[in-house]
>>> print(open('work08.pdb').read())   # PDB, C-alpha atoms, pLDDT in the B column
ATOM      1  CA  MET L   1       5.305 -19.279 -39.600  1.00 87.00           C
ATOM      2  CA  ALA L   2       8.997 -20.133 -39.749  1.00 91.00           C
ATOM      3  CA  ARG L   3       8.116 -23.576 -41.123  1.00 93.00           C
ATOM      4  CA  VAL L   4       6.021 -22.016 -43.901  1.00 93.00           C
ATOM      5  CA  ALA L   5       8.775 -19.527 -44.751  1.00 92.00           C
ATOM      6  CA  ALA L   6      11.284 -22.383 -44.944  1.00 93.00           C
ATOM      7  CA  LEU L   7       9.319 -24.466 -47.484  1.00 94.00           C
ATOM      8  CA  PRO L   8      11.667 -25.051 -50.426  1.00 93.00           C
ATOM      9  CA  THR L   9      10.497 -23.322 -53.610  1.00 94.00           C
ATOM     10  CA  GLY L  10      11.762 -24.071 -57.086  1.00 93.00           C
ATOM     11  CA  ASP L  11      12.063 -26.724 -59.760  1.00 93.00           C
ATOM     12  CA  PRO L  12       9.369 -29.363 -59.194  1.00 91.00           C
ATOM     13  CA  SER L  13      11.761 -32.096 -60.321  1.00 93.00           C
ATOM     14  CA  GLY L  14      14.032 -31.299 -57.368  1.00 93.00           C
ATOM     15  CA  PRO L  15      13.483 -33.812 -54.580  1.00 94.00           C
ATOM     16  CA  ALA L  16      13.477 -31.109 -51.883  1.00 94.00           C
ATOM     17  CA  THR L  17      11.005 -28.796 -53.660  1.00 94.00           C
ATOM     18  CA  VAL L  18       7.679 -28.354 -51.893  1.00 93.00           C
ATOM     19  CA  VAL L  19       6.339 -25.302 -53.769  1.00 94.00           C
ATOM     20  CA  GLY L  20       6.871 -25.390 -57.527  1.00 93.00           C
ATOM     21  CA  PRO L  21       6.169 -22.721 -60.147  1.00 94.00           C
ATOM     22  CA  VAL L  22       2.704 -21.348 -60.772  1.00 93.00           C
ATOM     23  CA  ILE L  23       1.010 -22.185 -64.078  1.00 92.00           C
ATOM     24  CA  ASN L  24       2.177 -19.123 -66.070  1.00 94.00           C
ATOM     25  CA  GLU L  25       3.432 -15.518 -65.869  1.00 94.00           C
ATOM     26  CA  TRP L  26      -0.124 -14.129 -65.742  1.00 95.00           C
ATOM     27  CA  ALA L  27      -0.929 -16.247 -62.666  1.00 94.00           C
ATOM     28  CA  LEU L  28       2.297 -15.157 -60.962  1.00 96.00           C
ATOM     29  CA  ALA L  29       1.529 -11.482 -61.658  1.00 96.00           C
ATOM     30  CA  LEU L  30      -2.028 -11.947 -60.307  1.00 96.00           C
ATOM     31  CA  LEU L  31      -0.760 -13.494 -57.063  1.00 96.00           C
ATOM     32  CA  ASP L  32       1.813 -10.726 -56.636  1.00 97.00           C
ATOM     33  CA  ARG L  33      -0.748  -7.983 -57.355  1.00 97.00           C
ATOM     34  CA  ARG L  34      -3.308  -9.436 -54.935  1.00 97.00           C
ATOM     35  CA  VAL L  35      -0.785  -9.817 -52.110  1.00 97.00           C
ATOM     36  CA  LYS L  36       0.582  -6.280 -52.642  1.00 97.00           C
ATOM     37  CA  GLU L  37      -2.926  -4.806 -52.760  1.00 98.00           C
ATOM     38  CA  ALA L  38      -3.906  -6.574 -49.519  1.00 98.00           C
ATOM     39  CA  VAL L  39      -0.760  -5.297 -47.796  1.00 98.00           C
ATOM     40  CA  GLY L  40      -1.468  -1.804 -49.094  1.00 98.00           C
ATOM     41  CA  LEU L  41      -4.923  -2.037 -47.496  1.00 98.00           C
ATOM     42  CA  GLY L  42      -3.484  -3.082 -44.132  1.00 98.00           C
ATOM     43  CA  ALA L  43      -2.906  -6.849 -44.315  1.00 98.00           C
ATOM     44  CA  ARG L  44       0.151  -8.330 -42.646  1.00 97.00           C
ATOM     45  CA  VAL L  45       2.432 -10.890 -44.295  1.00 97.00           C
ATOM     46  CA  LEU L  46       3.324 -13.593 -41.779  1.00 97.00           C
ATOM     47  CA  ALA L  47       5.387 -15.638 -44.251  1.00 96.00           C
ATOM     48  CA  GLY L  48       6.422 -15.406 -47.888  1.00 94.00           C
ATOM     49  CA  GLY L  49       4.975 -12.696 -50.070  1.00 88.00           C
ATOM     50  CA  VAL L  50       7.815 -11.960 -52.495  1.00 92.00           C
ATOM     51  CA  PRO L  51       7.770 -13.922 -55.769  1.00 94.00           C
ATOM     52  CA  ALA L  52      10.898 -15.378 -57.356  1.00 92.00           C
ATOM     53  CA  PRO L  53       9.725 -16.056 -60.935  1.00 94.00           C
ATOM     54  CA  PRO L  54       8.398 -18.464 -61.975  1.00 94.00           C
ATOM     55  CA  CYS L  55       7.550 -19.328 -58.360  1.00 95.00           C
ATOM     56  CA  HIS L  56       5.553 -17.666 -55.642  1.00 96.00           C
ATOM     57  CA  PRO L  57       6.573 -18.723 -52.138  1.00 96.00           C
ATOM     58  CA  ALA L  58       4.087 -20.145 -49.667  1.00 95.00           C
ATOM     59  CA  THR L  59       2.505 -16.982 -48.288  1.00 97.00           C
ATOM     60  CA  VAL L  60       0.394 -16.423 -45.187  1.00 97.00           C
ATOM     61  CA  LEU L  61      -1.608 -13.211 -44.811  1.00 97.00           C
ATOM     62  CA  THR L  62      -3.681 -11.970 -41.886  1.00 97.00           C
ATOM     63  CA  ASP L  63      -5.753  -8.861 -41.150  1.00 97.00           C
ATOM     64  CA  VAL L  64      -6.887  -8.835 -44.781  1.00 96.00           C
ATOM     65  CA  PRO L  65      -9.681  -6.286 -45.265  1.00 96.00           C
ATOM     66  CA  ASP L  66     -12.893  -7.515 -46.888  1.00 91.00           C
ATOM     67  CA  GLU L  67     -12.441  -5.115 -49.807  1.00 95.00           C
ATOM     68  CA  ALA L  68      -9.114  -6.673 -50.837  1.00 96.00           C
ATOM     69  CA  GLU L  69      -9.387  -8.649 -54.059  1.00 94.00           C
ATOM     70  CA  ILE L  70      -7.674 -11.638 -52.430  1.00 94.00           C
ATOM     71  CA  ALA L  71     -10.516 -11.736 -49.869  1.00 91.00           C
ATOM     72  CA  GLN L  72     -13.177 -11.672 -52.589  1.00 85.00           C
ATOM     73  CA  GLY L  73     -11.895 -13.916 -55.370  1.00 81.00           C
ATOM     74  CA  GLU L  74     -10.507 -17.374 -55.842  1.00 80.00           C
ATOM     75  CA  THR L  75      -6.730 -17.301 -55.750  1.00 83.00           C
ATOM     76  CA  PHE L  76      -5.095 -20.371 -57.222  1.00 85.00           C
ATOM     77  CA  GLY L  77      -1.623 -20.312 -55.765  1.00 91.00           C
ATOM     78  CA  PRO L  78       0.330 -20.884 -52.562  1.00 93.00           C
ATOM     79  CA  VAL L  79      -1.331 -18.049 -50.645  1.00 95.00           C
ATOM     80  CA  VAL L  80      -3.589 -18.431 -47.612  1.00 91.00           C
ATOM     81  CA  VAL L  81      -5.560 -15.809 -45.722  1.00 92.00           C
ATOM     82  CA  LEU L  82      -5.948 -16.432 -41.994  1.00 92.00           C
ATOM     83  CA  GLU L  83      -9.045 -14.955 -40.393  1.00 91.00           C
ATOM     84  CA  ALA L  84      -9.887 -15.278 -36.709  1.00 91.00           C
ATOM     85  CA  VAL L  85     -13.493 -16.042 -35.796  1.00 92.00           C
ATOM     86  CA  ASP L  86     -15.173 -16.674 -32.464  1.00 95.00           C
ATOM     87  CA  SER L  87     -16.732 -20.053 -33.282  1.00 94.00           C
ATOM     88  CA  ALA L  88     -16.851 -22.855 -35.821  1.00 92.00           C
ATOM     89  CA  GLU L  89     -20.387 -21.799 -36.699  1.00 93.00           C
ATOM     90  CA  GLN L  90     -19.157 -18.274 -37.448  1.00 95.00           C
ATOM     91  CA  ALA L  91     -16.466 -19.744 -39.705  1.00 92.00           C
ATOM     92  CA  VAL L  92     -19.084 -21.788 -41.594  1.00 93.00           C
ATOM     93  CA  ALA L  93     -21.320 -18.717 -41.969  1.00 94.00           C
ATOM     94  CA  ARG L  94     -18.350 -16.677 -43.223  1.00 89.00           C
ATOM     95  CA  ALA L  95     -17.412 -19.357 -45.765  1.00 87.00           C
ATOM     96  CA  ASN L  96     -21.012 -19.807 -46.920  1.00 91.00           C
ATOM     97  CA  GLY L  97     -21.371 -16.041 -47.320  1.00 87.00           C
ATOM     98  CA  SER L  98     -18.829 -16.120 -50.138  1.00 84.00           C
ATOM     99  CA  GLY L  99     -19.914 -16.176 -53.751  1.00 79.00           C
ATOM    100  CA  PHE L 100     -17.522 -19.065 -54.307  1.00 74.00           C
ATOM    101  CA  GLY L 101     -17.564 -22.696 -53.253  1.00 70.00           C
ATOM    102  CA  LEU L 102     -14.932 -24.882 -54.872  1.00 72.00           C
ATOM    103  CA  ALA L 103     -13.331 -26.634 -51.915  1.00 79.00           C
ATOM    104  CA  ALA L 104     -12.868 -26.356 -48.163  1.00 81.00           C
ATOM    105  CA  SER L 105     -11.076 -28.029 -45.294  1.00 84.00           C
ATOM    106  CA  VAL L 106     -12.223 -28.584 -41.746  1.00 89.00           C
ATOM    107  CA  ILE L 107      -9.390 -29.206 -39.306  1.00 89.00           C
ATOM    108  CA  THR L 108     -10.573 -30.537 -35.957  1.00 90.00           C
ATOM    109  CA  CYS L 109      -9.702 -33.058 -33.282  1.00 90.00           C
ATOM    110  CA  GLY L 110     -13.313 -34.308 -33.298  1.00 80.00           C
ATOM    111  CA  GLY L 111     -14.087 -36.456 -36.327  1.00 80.00           C
ATOM    112  CA  ARG L 112     -17.882 -36.321 -35.932  1.00 90.00           C
ATOM    113  CA  ARG L 113     -17.731 -32.579 -35.362  1.00 91.00           C
ATOM    114  CA  GLY L 114     -15.664 -32.282 -38.534  1.00 90.00           C
ATOM    115  CA  LEU L 115     -18.263 -34.202 -40.531  1.00 91.00           C
ATOM    116  CA  ARG L 116     -21.077 -32.060 -39.075  1.00 93.00           C
ATOM    117  CA  LEU L 117     -19.254 -28.849 -40.010  1.00 93.00           C
ATOM    118  CA  ALA L 118     -18.370 -30.240 -43.449  1.00 90.00           C
ATOM    119  CA  SER L 119     -22.013 -30.985 -44.174  1.00 91.00           C
ATOM    120  CA  ALA L 120     -22.913 -27.384 -43.293  1.00 94.00           C
ATOM    121  CA  LEU L 121     -20.473 -25.918 -45.830  1.00 89.00           C
ATOM    122  CA  ASP L 122     -21.880 -24.892 -49.215  1.00 87.00           C
ATOM    123  CA  VAL L 123     -18.926 -26.038 -51.327  1.00 85.00           C
ATOM    124  CA  GLY L 124     -18.276 -28.693 -53.936  1.00 78.00           C
ATOM    125  CA  ILE L 125     -15.667 -30.657 -51.993  1.00 81.00           C
ATOM    126  CA  VAL L 126     -14.847 -30.735 -48.278  1.00 81.00           C
ATOM    127  CA  HIS L 127     -11.873 -32.487 -46.742  1.00 81.00           C
ATOM    128  CA  VAL L 128     -11.860 -33.197 -43.017  1.00 87.00           C
ATOM    129  CA  ASN L 129      -8.421 -33.064 -41.392  1.00 87.00           C
ATOM    130  CA  ASP L 130      -6.697 -32.761 -44.764  1.00 76.00           C
ATOM    131  CA  GLN L 131      -5.867 -30.105 -47.311  1.00 70.00           C
ATOM    132  CA  PRO L 132      -8.325 -29.380 -50.132  1.00 61.00           C
ATOM    133  CA  VAL L 133      -5.867 -30.246 -52.907  1.00 63.00           C
ATOM    134  CA  ASN L 134      -5.920 -33.987 -52.184  1.00 58.00           C
ATOM    135  CA  ASP L 135      -8.757 -34.819 -54.535  1.00 58.00           C
ATOM    136  CA  GLU L 136      -9.864 -38.383 -55.015  1.00 60.00           C
ATOM    137  CA  PRO L 137      -9.733 -39.501 -58.675  1.00 58.00           C
ATOM    138  CA  HIS L 138     -12.790 -41.730 -58.228  1.00 58.00           C
ATOM    139  CA  MET L 139     -14.951 -38.889 -56.876  1.00 59.00           C
ATOM    140  CA  PRO L 140     -16.604 -36.127 -58.919  1.00 59.00           C
ATOM    141  CA  PHE L 141     -14.764 -32.805 -58.790  1.00 63.00           C
ATOM    142  CA  GLY L 142     -16.392 -29.384 -59.070  1.00 62.00           C
ATOM    143  CA  GLY L 143     -17.628 -26.358 -57.235  1.00 64.00           C
ATOM    144  CA  VAL L 144     -20.859 -24.556 -56.463  1.00 67.00           C
ATOM    145  CA  LYS L 145     -21.999 -20.947 -56.755  1.00 67.00           C
ATOM    146  CA  ASP L 146     -19.481 -19.009 -58.897  1.00 62.00           C
ATOM    147  CA  SER L 147     -16.903 -21.811 -58.665  1.00 63.00           C
ATOM    148  CA  GLY L 148     -18.146 -24.006 -61.445  1.00 66.00           C
ATOM    149  CA  TRP L 149     -20.906 -25.469 -63.519  1.00 63.00           C
ATOM    150  CA  GLY L 150     -21.267 -28.983 -62.210  1.00 60.00           C
ATOM    151  CA  ARG L 151     -18.863 -31.851 -61.751  1.00 57.00           C
ATOM    152  CA  PHE L 152     -16.409 -33.840 -63.780  1.00 55.00           C
ATOM    153  CA  GLY L 153     -14.787 -37.177 -63.116  1.00 56.00           C
ATOM    154  CA  ARG L 154     -16.521 -40.423 -62.287  1.00 53.00           C
ATOM    155  CA  GLY L 155     -20.133 -39.798 -61.380  1.00 50.00           C
ATOM    156  CA  PHE L 156     -20.333 -36.337 -62.965  1.00 46.00           C
ATOM    157  CA  ALA L 157     -23.164 -37.316 -65.316  1.00 46.00           C
ATOM    158  CA  ALA L 158     -25.699 -37.147 -62.486  1.00 50.00           C
ATOM    159  CA  ASP L 159     -25.157 -33.382 -62.278  1.00 46.00           C
ATOM    160  CA  TRP L 160     -25.940 -32.990 -65.968  1.00 43.00           C
ATOM    161  CA  SER L 161     -28.763 -35.536 -66.229  1.00 45.00           C
ATOM    162  CA  ASP L 162     -31.343 -32.746 -66.427  1.00 47.00           C
ATOM    163  CA  GLY L 163     -30.930 -32.695 -70.188  1.00 44.00           C
ATOM    164  CA  TRP L 164     -27.499 -31.315 -70.957  1.00 43.00           C
ATOM    165  CA  LEU L 165     -26.040 -34.685 -71.964  1.00 43.00           C
ATOM    166  CA  SER L 166     -29.204 -35.818 -73.727  1.00 43.00           C
ATOM    167  CA  GLY L 167     -29.388 -32.624 -75.796  1.00 44.00           C
ATOM    168  CA  ARG L 168     -32.664 -31.334 -74.304  1.00 41.00           C
TER     169      ARG L 168
END
>>> encode(input="work08.pdb", output="structure tokens")
Amino acid sequence: MARVAALPTGDPSGPATVVGPVINEWALALLDRRVKEAVGLGARVLAGGVPAPPCHPATVLTDVPDEAEIAQGETFGPVVVLEAVDSAEQAVARANGSGFGLAASVITCGGRRGLRLASALDVGIVHVNDQPVNDEPHMPFGGVKDSGWGRFGRGFAADWSDGWLSGR
């Protein structure tokens, strides 16, 4: 956690900056509110947690109760919730039980196992042994469930070919 806490936060034009500002004041206030609520419900902050406007530091939370908003909604910012499970299959079931499905990552030392787990996830994009923000510009981008209405980017038209683009 010391490495996460030491990630430089600030001006994105600074060569040492790793975590830049969030998109706007509303987003910063949302991140701060969700982290504080989780902590108030019993979560522990392992790194970060205290914003320095306009930035929110890389933050790691654990022991986040299911009723916490950060456990139930999509949080677009440098905050991660760690949850221990007993098996990879339990992790997949937990992820698939969410109402959201924008992106996921599978980190494993077995490439084939990673691909098998990735194919079991009900999300729009899965990265194996990489972070979910490294999207490929030549691949369609989008989520499933409450995380989007189809895809955009190259190849997105196939998702809408049921009549949306043709006006039916």
>>> closest_residue(input="work08.pdb", among="L:Val92, L:Val18, L:Val39, L:Leu102", to="Gly124 of chain L", atoms="all atoms listed in the file")
L:Leu102
>>> closest_residue(input="work08.pdb", among="L:Ala118, L:Arg44, L:Gly77, L:Ala58", to="Asn24 of chain L", atoms="only C-alpha atoms")
L:Gly77
>>> residues_near_point(input="work08.pdb", point="(1.5, -12.2, -43.9)", cutoff="8 Å", atoms="all atoms listed in the file", output="VMD selection string")
chain L and resid 43 to 49 59 to 62
>>> residues_around(input="work08.pdb", residues="Thr17 of chain L", least_positions_apart="4", cutoff="12 Å", atoms="only C-alpha atoms", output="PyMOL selection string")
chain L and resi 6-13+21+55+57-58
>>> write_last_selection(input="work08.pdb", atoms="C-alpha atoms", output="short mmCIF file (atom, residue, chain, number, x, y, z; two decimals), in the frame of the given file")
data_model
loop_
_atom_site.label_atom_id
_atom_site.label_comp_id
_atom_site.auth_asym_id
_atom_site.auth_seq_id
_atom_site.Cartn_x
_atom_site.Cartn_y
_atom_site.Cartn_z
CA ALA L 6 11.28 -22.38 -44.94
CA LEU L 7 9.32 -24.47 -47.48
CA PRO L 8 11.67 -25.05 -50.43
CA THR L 9 10.50 -23.32 -53.61
CA GLY L 10 11.76 -24.07 -57.09
CA ASP L 11 12.06 -26.72 -59.76
CA PRO L 12 9.37 -29.36 -59.19
CA SER L 13 11.76 -32.10 -60.32
CA PRO L 21 6.17 -22.72 -60.15
CA CYS L 55 7.55 -19.33 -58.36
CA PRO L 57 6.57 -18.72 -52.14
CA ALA L 58 4.09 -20.14 -49.67
#
>>> resolve_selection(input="work08.pdb", expression="the PyMOL selection byres ((chain L and resi 53) around 9)", output="PyMOL selection string")
chain L and resi 21-22+25+28+51-52+54-56
>>> write_last_selection(input="work08.pdb", atoms="C-alpha atoms", output="PDB file, in the coordinates of the input")
ATOM      1  CA  PRO L  21       6.169 -22.721 -60.147  1.00 94.00           C
ATOM      2  CA  VAL L  22       2.704 -21.348 -60.772  1.00 93.00           C
ATOM      3  CA  GLU L  25       3.432 -15.518 -65.869  1.00 94.00           C
ATOM      4  CA  LEU L  28       2.297 -15.157 -60.962  1.00 96.00           C
ATOM      5  CA  PRO L  51       7.770 -13.922 -55.769  1.00 94.00           C
ATOM      6  CA  ALA L  52      10.898 -15.378 -57.356  1.00 92.00           C
ATOM      7  CA  PRO L  54       8.398 -18.464 -61.975  1.00 94.00           C
ATOM      8  CA  CYS L  55       7.550 -19.328 -58.360  1.00 95.00           C
ATOM      9  CA  HIS L  56       5.553 -17.666 -55.642  1.00 96.00           C
TER      10      HIS L  56
END
>>> atom_distance(input="work08.pdb", atom1="atom CA of Lys36 of chain L", atom2="atom CA of Leu82 of chain L")
16.1 Å
>>> resolve_selection(input="work08.pdb", expression="the PyMOL selection byres ((chain L and resi 109-114) around 12)", output="PyMOL selection string")
chain L and resi 88-89+92+104-108+115-121+126-130
>>> atom_distance(input="work08.pdb", atom1="atom CA of Glu83 of chain L", atom2="atom CA of Ala68 of chain L")
13.3 Å
>>> resolve_selection(input="work08.pdb", expression="the PyMOL selection byres ((chain L and resi 72) around 12)", output="PyMOL selection string")
chain L and resi 34+38+64-71+73-75+81+94-95+97-101+146
>>> write_last_selection(input="work08.pdb", atoms="C-alpha atoms", output="PDB file, in the coordinates of the input")
ATOM      1  CA  ARG L  34      -3.308  -9.436 -54.935  1.00 97.00           C
ATOM      2  CA  ALA L  38      -3.906  -6.574 -49.519  1.00 98.00           C
ATOM      3  CA  VAL L  64      -6.887  -8.835 -44.781  1.00 96.00           C
ATOM      4  CA  PRO L  65      -9.681  -6.286 -45.265  1.00 96.00           C
ATOM      5  CA  ASP L  66     -12.893  -7.515 -46.888  1.00 91.00           C
ATOM      6  CA  GLU L  67     -12.441  -5.115 -49.807  1.00 95.00           C
ATOM      7  CA  ALA L  68      -9.114  -6.673 -50.837  1.00 96.00           C
ATOM      8  CA  GLU L  69      -9.387  -8.649 -54.059  1.00 94.00           C
ATOM      9  CA  ILE L  70      -7.674 -11.638 -52.430  1.00 94.00           C
ATOM     10  CA  ALA L  71     -10.516 -11.736 -49.869  1.00 91.00           C
ATOM     11  CA  GLY L  73     -11.895 -13.916 -55.370  1.00 81.00           C
ATOM     12  CA  GLU L  74     -10.507 -17.374 -55.842  1.00 80.00           C
ATOM     13  CA  THR L  75      -6.730 -17.301 -55.750  1.00 83.00           C
ATOM     14  CA  VAL L  81      -5.560 -15.809 -45.722  1.00 92.00           C
ATOM     15  CA  ARG L  94     -18.350 -16.677 -43.223  1.00 89.00           C
ATOM     16  CA  ALA L  95     -17.412 -19.357 -45.765  1.00 87.00           C
ATOM     17  CA  GLY L  97     -21.371 -16.041 -47.320  1.00 87.00           C
ATOM     18  CA  SER L  98     -18.829 -16.120 -50.138  1.00 84.00           C
ATOM     19  CA  GLY L  99     -19.914 -16.176 -53.751  1.00 79.00           C
ATOM     20  CA  PHE L 100     -17.522 -19.065 -54.307  1.00 74.00           C
ATOM     21  CA  GLY L 101     -17.564 -22.696 -53.253  1.00 70.00           C
ATOM     22  CA  ASP L 146     -19.481 -19.009 -58.897  1.00 62.00           C
TER      23      ASP L 146
END
